[in-house]
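Reviewing the structure listed below.
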Amino acid sequence: MAKVLVVAEIKQGVLKSSTAELLSKAKAIGAEAAVVAIGSNIEGLVPELVKAGSDTQYIADDAGLELFSAGPYAACVVDAARQFGADLILFGFSESSKAAAPRVAAQLDAACASEITEVAADNGAFQVVRPAITNKVVQKVKVNTDKLVAVVRAGAFEADESIGGTENVVKLDIPAPDLKAVIKELVSDASGEIDLADADVVVSVGRGARNEEGIALVKELADDLNAGFGSSRAMVDAGFMPHNKQVGQTGKIVAPSLYIAVGISGAIQHLAGMSGSKVVLAINKDPEAPIFNIADYGIVGDLFEVVPILKEELKKVRS
Amino acid sequence: MKILTTVKKVVDVELNIHVKDGAIVEDGLQYVINAWDENAVETTVQLKEQTGAETTLVSIGGGDNTDIIRRCYAMGIERGIHIEDPALDKADSFIYARVLQKVFEQGDYDLVITGKQAQDTDNGQTGIILAEYLGLPCVSNVIGVEVIDDKHLKVSRAGDAGTEIVEVELPAVITVDVSINEPRLPQMRGLMMAKKKKIEVMDLAALGTSAEEIGCAAPKSEVIEFMESEKRSGGRKFEGDPAEVTAQVVELLASEAKVI
Ligand SMILES: Cc1cc2nc3c(=O)[nH]c(=O)nc-3n(C[C@H](O)[C@H](O)[C@H](O)COP(=O)(O)OP(=O)(O)OC[C@H]3O[C@@H](n4cnc5c(N)ncnc54)[C@H](O)[C@@H]3O)c2cc1C
């Protein structure tokens with residue numbers, strides 16, 4: 001039986017949904033599933049890790065692991081993978097995963113696959129499916145090594161609520177900090193806000209909103225809908241929106257029930273991050289904007305006019 | 001400071017890409033410098049302007065890379081190495097990293113700058129694996145670089161919890177995001193000068209290694225099939241009186257799409 005190690009995604013002490021999704025996938029392919037959780041003050045998460053479907057929980061819990069640092073983080077995953085004898089190591093989709101996975105693969109002499117949407121074990125040989133060339137094509141990739149490290153694209157797998165696990169906690173030794181790449185400061189720009197990756201509705205703002213005033217208007221719409229608030233790269237580069245709000249090929253990948261693109265043209269790099277959304281609503285004053293080619297509903301109009309009306313109309317139907 | 005910068009020739013993603021019989025249709029494709037690598041080159045040239053750093057670029061594969069290497073010369077890179085060998089046809093990130101390791105070891109470099117990913121594979125692995133092979137510190141997804149002294153950089157990394165300010169000891173590898181800078185446009189004069197500059201083209205033997213040593217025959221993974229990606233199709237577009245069309249769309253979101 002294949003052995004799958006899932007790297008738990010923990011943000012601000014909260015276990016993210018990707019962990020249960022990846023563990024469900026592990027069990028669906030008939031594997032024995034373990035989880036490795038890395039962070040500070042996380043032992044309280046063990047019951048949740050069990051419920052998510054793991055049968056062994058490797059825990060690296062130390063104050064020194066509070067801030068993400070790729071070296072020690074990868075060392076914990078490698079340690080757990082070796083102890084467990086993992087054939088497949090799955091990471092959720094995040095910047096931390098993207099930084100750690102290639103290190104883990106290099107250390108384990110395993111293959112490495114980024115942003116996979118499917119994985120199958122065929123006679124012990126893994127095959128994965130993943131988008132490439134800015135989502136313009138899909139590749140089927142054959143793995144030639146017996147071990148594979150993969151980062152799973154956000155929203156690729158669904159959690160199976162009916163599975164469960166057993167508690168079997170293994171404490172990992174805490175690796176030394178990386179003294180050659182030292183985090184001096186974290187300029188946090190999103191704590192407390194709704195995580196884009198989890199949000200059921202995402203409202204994103206683009207260059208069409210022009211300035212702080214425009215952004216505030218669109219943000220109100222997001223707040224009314226209890227939605228995650230994202231951005232195109234144009235607004236990030238202009239310094240109006242924080243980097244970790246960027247949706248797209250170089251930013252977050254989201255797949256909410258409803259994605260509202262406000263003043264966003266629909267460049268392929270932006271679409272790469274949101275085309276998995278169930279329903280897309282676009283507001284743009286240019287009837288030829290490419291975003292309309294992929295939007296289920298498009299309103300051609302000036303966002304400064306449309307958004308206030310949209311807010312009122314939404315209030316009406318929601319009350 | 002000596003900087004080694006990696007540059008890959010990749011397919012232009014802004015053009016249509018078609019798939020037939022499990023392979024990409026070559027007809028009509030155009031090739032350009034990888035977007036993130038252009039930012040890596042800009043970062044390198046800025047560091048050269050600030051510190052007098054020596055700049056070398058290396059490009060692996062791609063056939064005739066004269067155009068993109070000249071473009072980098074015109075941006076300010078001083079020396080260009082192009083590794084071209086049929087044994088590299090099936091190279092994966094690990095094989096690229098092994099080749100880069102060879103280049104690095106021959107040059108006494110202090111810093112490697114790569115784009116954070118290549119737009120043809122979107123893997124984002126090579127720079128990080130190179131650092132592992134070299135046993136060097138690595139910061140990925142970098143959006144800002146400052147020189148502290150000739151042994152240390154202060155870099156900003158776009159991380160999950162916000163922007164991480166990291167002090168990194170040289171030699172090191174950094175992989176940069178497109179947000180780090182706006183690459184300069186090469187000037188006519190620079191492009192003319194670039195034509196006179198030599199490009200060092202070498203195969204694996206000239207690099208002092210071999211397909212066996214690099215492990216070319218055994219890529220850890222290989223693409224066996226390409227497929228068209230699922231395309232979203234457009235739905236309905238509403239034009240007219242903002243109040244009217246907006247009310248109409250909200251009604252549809254509730255009754256038809258059932259998402260609010
Ligand atoms: C390697 C690479 C990676 C990239 N990664 C990403 C990424 O991850 N995410 C991303 O988003 N981009 C990314 N980009 C950038 C991308 O190509 C586009 O430049 C960017 O998405 C444009 O942002 P925008 O749509 O907000 O701006 P624009 O393209 O300028 O569009 C603004 C839109 O607003 C509309 N508008 C203007 N005024 C109004 C108004 N009053 N009311 C209504 N509509 C109005 C305009 O009609 C226009 O369609 C990347 C680019 C490269 C090269």
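Lettering and numbering for the structure tokens are positional, with chains as A, B, ... in the shown order, residues counted from 1 in each chain, and ligands counted from 1 in the shown order.
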**OP:** Compute the set of chain A residues within 6 Å of chain B, using only C-alpha atoms, and express it as a PyMOL selection string.
**Re:** chain A and resi 95+102+111+114+132-133+136-145+180-189+293-300+306
**OP:** List all protein, DNA and RNA residues that have any atom at most 6 Å from ligand 1, counting only C-alpha atoms and all ligand atoms, and write the list as a PyMOL selection string.
**Re:** (chain A and resi 206-208+232-234+246-251+263-267+269-270+283-286+289+301-304) or (chain B and resi 35-36+178)
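Separating CA of Ala101 (chain A) from CA of Leu88 (chain B) is a distance of 23.5 Å.
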Subject >> Test item: residues at most 8 Å from region 55-70 of chain A, only C-alpha atoms, excluding those fewer than 2 positions along its chain, as JSON, numbers by chain >> reply: {"A": [32, 33, 34, 35, 36, 37, 38, 39, 40, 41, 42, 43, 46, 49, 50, 53, 72, 73, 74, 76, 80, 96, 99, 100, 165, 166, 167, 168, 169, 170, 171, 172, 173, 174, 177, 178, 183]}
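For the pair CA of Leu23 (chain A) and CA of Leu88 (chain A), the interatomic distance is 11.6 Å.
Of note, CA of Val173 (chain B) and CA of Glu105 (chain B) are spaced 13.4 Å apart.
For the choices A:Phe91, A:Gly228, A:Ala121, A:Asp195, the atom-to-atom distance to Val14 (chain A) is smallest for A:Asp195 when using only C-alpha atoms.
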Original post:
Neighbours of Pro86 (chain B) within 9 Å (only C-alpha atoms; same-chain residues fewer than 4 positions away dropped), as a PyMOL selection string?
Top reply: chain B and resi 61+90+203
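Here the question is which of B:Leu111, B:Ile148, B:Met1, B:Val32 gets nearest to Asp67 (chain B) using only C-alpha atoms, and that residue is B:Val32.
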Original post:
Hey, what does DSSP flag as strand (DSSP E or B) within region 110-256 of chain B? Can you give it to me as a PyMOL selection string?
Top reply: chain B and resi 111-115+138-149+152-158+162-169+172-176+200-202+221-228+236-238
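Residues in contact with region 148-153 of chain A at 7 Å, where only C-alpha atoms are counted and same-chain residues fewer than 6 positions away are skipped, are listed as Asp87, Leu88, Ile89, Leu90, Phe91, Gly92, Phe93, Ser97, Lys98, Ala101, Ala105, Ala110, Ala111, Cys112, Ala113, Ser114, Glu115, Ile116 and Thr117 of chain A.
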Just the selected residues (all heavy atoms), exported as a short mmCIF file (atom, residue, chain, number, x, y, z; two decimals), in the first residue's frame, please.
data_model
loop_
_atom_site.label_atom_id
_atom_site.label_comp_id
_atom_site.auth_asym_id
_atom_site.auth_seq_id
_atom_site.Cartn_x
_atom_site.Cartn_y
_atom_site.Cartn_z
N ASP A 87 5.89 7.46 0.22
CA ASP A 87 6.13 7.39 -1.22
C ASP A 87 5.71 8.70 -1.87
O ASP A 87 6.25 9.12 -2.89
CB ASP A 87 5.28 6.29 -1.87
CG ASP A 87 5.41 4.99 -1.14
OD1 ASP A 87 6.52 4.44 -1.14
OD2 ASP A 87 4.40 4.53 -0.55
N LEU A 88 4.67 9.29 -1.30
CA LEU A 88 4.09 10.50 -1.88
C LEU A 88 3.93 11.53 -0.77
O LEU A 88 3.39 11.23 0.29
CB LEU A 88 2.72 10.16 -2.50
CG LEU A 88 1.88 11.31 -3.04
CD1 LEU A 88 2.58 12.03 -4.18
CD2 LEU A 88 0.52 10.79 -3.52
N ILE A 89 4.43 12.74 -1.03
CA ILE A 89 4.32 13.82 -0.05
C ILE A 89 3.52 14.93 -0.70
O ILE A 89 3.90 15.44 -1.75
CB ILE A 89 5.72 14.30 0.36
CG1 ILE A 89 6.44 13.15 1.05
CG2 ILE A 89 5.64 15.51 1.28
CD1 ILE A 89 7.90 13.14 0.85
N LEU A 90 2.40 15.27 -0.10
CA LEU A 90 1.51 16.27 -0.68
C LEU A 90 1.52 17.56 0.14
O LEU A 90 1.32 17.53 1.37
CB LEU A 90 0.07 15.73 -0.75
CG LEU A 90 -0.19 14.54 -1.67
CD1 LEU A 90 -1.65 14.11 -1.56
CD2 LEU A 90 0.16 14.88 -3.12
N PHE A 91 1.72 18.65 -0.53
CA PHE A 91 1.64 19.98 0.08
C PHE A 91 0.38 20.67 -0.43
O PHE A 91 0.02 20.52 -1.61
CB PHE A 91 2.81 20.85 -0.37
CG PHE A 91 4.13 20.58 0.28
CD1 PHE A 91 4.95 19.56 -0.18
CD2 PHE A 91 4.58 21.36 1.33
CE1 PHE A 91 6.20 19.33 0.40
CE2 PHE A 91 5.82 21.15 1.91
CZ PHE A 91 6.64 20.13 1.45
N GLY A 92 -0.26 21.48 0.39
CA GLY A 92 -1.33 22.36 -0.06
C GLY A 92 -0.73 23.52 -0.85
O GLY A 92 0.48 23.69 -0.90
N PHE A 93 -1.58 24.31 -1.47
CA PHE A 93 -1.09 25.37 -2.35
C PHE A 93 -0.81 26.65 -1.57
O PHE A 93 -1.74 27.34 -1.14
CB PHE A 93 -2.13 25.64 -3.43
CG PHE A 93 -1.58 26.42 -4.57
CD1 PHE A 93 -0.81 25.80 -5.52
CD2 PHE A 93 -1.81 27.79 -4.68
CE1 PHE A 93 -0.27 26.52 -6.58
CE2 PHE A 93 -1.27 28.51 -5.73
CZ PHE A 93 -0.51 27.88 -6.69
N SER A 97 4.61 26.30 0.70
CA SER A 97 4.74 25.00 0.05
C SER A 97 5.64 25.10 -1.17
O SER A 97 6.49 24.24 -1.40
CB SER A 97 3.37 24.49 -0.39
OG SER A 97 2.53 24.30 0.72
N LYS A 98 5.41 26.15 -1.97
CA LYS A 98 6.20 26.29 -3.19
C LYS A 98 7.68 26.44 -2.86
O LYS A 98 8.53 26.04 -3.65
CB LYS A 98 5.72 27.51 -4.00
CG LYS A 98 4.38 27.28 -4.67
CD LYS A 98 4.09 28.39 -5.67
CE LYS A 98 2.82 29.12 -5.35
NZ LYS A 98 2.58 30.27 -6.22
N ALA A 101 8.71 22.55 -1.05
CA ALA A 101 8.59 21.27 -1.77
C ALA A 101 9.83 20.89 -2.59
O ALA A 101 10.30 19.75 -2.50
CB ALA A 101 7.34 21.29 -2.65
N ALA A 105 12.10 17.52 -2.09
CA ALA A 105 12.32 16.58 -3.20
C ALA A 105 13.82 16.36 -3.41
O ALA A 105 14.27 15.23 -3.57
CB ALA A 105 11.67 17.11 -4.47
N ALA A 110 13.63 12.67 -4.68
CA ALA A 110 12.30 12.37 -5.23
C ALA A 110 12.02 13.28 -6.40
O ALA A 110 12.70 14.30 -6.59
CB ALA A 110 11.25 12.59 -4.14
N ALA A 111 11.01 12.96 -7.20
CA ALA A 111 10.55 13.87 -8.24
C ALA A 111 9.73 14.97 -7.58
O ALA A 111 9.29 14.84 -6.43
CB ALA A 111 9.70 13.12 -9.25
N CYS A 112 9.52 16.07 -8.30
CA CYS A 112 8.77 17.19 -7.74
C CYS A 112 7.77 17.69 -8.78
O CYS A 112 8.14 17.92 -9.93
CB CYS A 112 9.74 18.31 -7.36
SG CYS A 112 8.99 19.63 -6.39
N ALA A 113 6.53 17.81 -8.38
CA ALA A 113 5.50 18.30 -9.32
C ALA A 113 4.78 19.47 -8.67
O ALA A 113 4.37 19.40 -7.52
CB ALA A 113 4.52 17.19 -9.65
N SER A 114 4.64 20.55 -9.44
CA SER A 114 4.02 21.76 -8.90
C SER A 114 2.58 21.86 -9.38
O SER A 114 2.29 21.53 -10.52
CB SER A 114 4.78 22.99 -9.37
OG SER A 114 6.16 22.82 -9.14
N GLU A 115 1.73 22.35 -8.53
CA GLU A 115 0.38 22.74 -8.92
C GLU A 115 -0.41 21.60 -9.58
O GLU A 115 -1.07 21.80 -10.60
CB GLU A 115 0.49 23.91 -9.91
CG GLU A 115 -0.44 25.03 -9.58
CD GLU A 115 -0.37 26.14 -10.62
OE1 GLU A 115 0.66 26.82 -10.70
OE2 GLU A 115 -1.36 26.33 -11.31
N ILE A 116 -0.35 20.42 -9.02
CA ILE A 116 -1.06 19.30 -9.64
C ILE A 116 -2.57 19.39 -9.36
O ILE A 116 -3.02 19.94 -8.36
CB ILE A 116 -0.52 17.93 -9.15
CG1 ILE A 116 -0.82 17.69 -7.66
CG2 ILE A 116 0.96 17.79 -9.43
CD1 ILE A 116 -0.72 16.25 -7.26
N THR A 117 -3.34 18.84 -10.29
CA THR A 117 -4.79 18.79 -10.08
C THR A 117 -5.26 17.34 -9.96
O THR A 117 -6.42 17.09 -9.62
CB THR A 117 -5.53 19.44 -11.27
OG1 THR A 117 -5.12 18.79 -12.47
CG2 THR A 117 -5.22 20.91 -11.37
#
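Near Met188 (chain B), within 12 Å and counting only C-alpha atoms, sit Arg70, Arg71, Tyr73, Ala74, Met75, Met192, Met193, Ala194 and Lys195 of chain B; same-chain residues fewer than 4 positions away were not included.
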Print the selection's residues with C-alpha atoms to a file, as a PDB file, in the first residue's frame.
ATOM      1  CA  ARG B  70      21.716  40.001 -27.003  1.00  0.00           C
ATOM      2  CA  ARG B  71      18.693  41.589 -25.422  1.00  0.00           C
ATOM      3  CA  TYR B  73      23.542  42.315 -23.133  1.00  0.00           C
ATOM      4  CA  ALA B  74      21.717  45.439 -24.229  1.00  0.00           C
ATOM      5  CA  MET B  75      20.120  45.636 -20.790  1.00  0.00           C
ATOM      6  CA  MET B 192      23.891  47.400 -31.823  1.00  0.00           C
ATOM      7  CA  MET B 193      26.769  46.963 -29.368  1.00  0.00           C
ATOM      8  CA  ALA B 194      25.360  43.629 -28.284  1.00  0.00           C
ATOM      9  CA  LYS B 195      25.780  42.259 -31.781  1.00  0.00           C
TER      10      LYS B 195
END
**OP:** Give the helix (DSSP H, G or I) residues of region 25-253 of chain B, as assigned by DSSP on the backbone, as a ChimeraX atom specification.
**Re:** /B:35-51,66-75,86-88,93-105,126-134,178-180,188-196,211-214,242-253
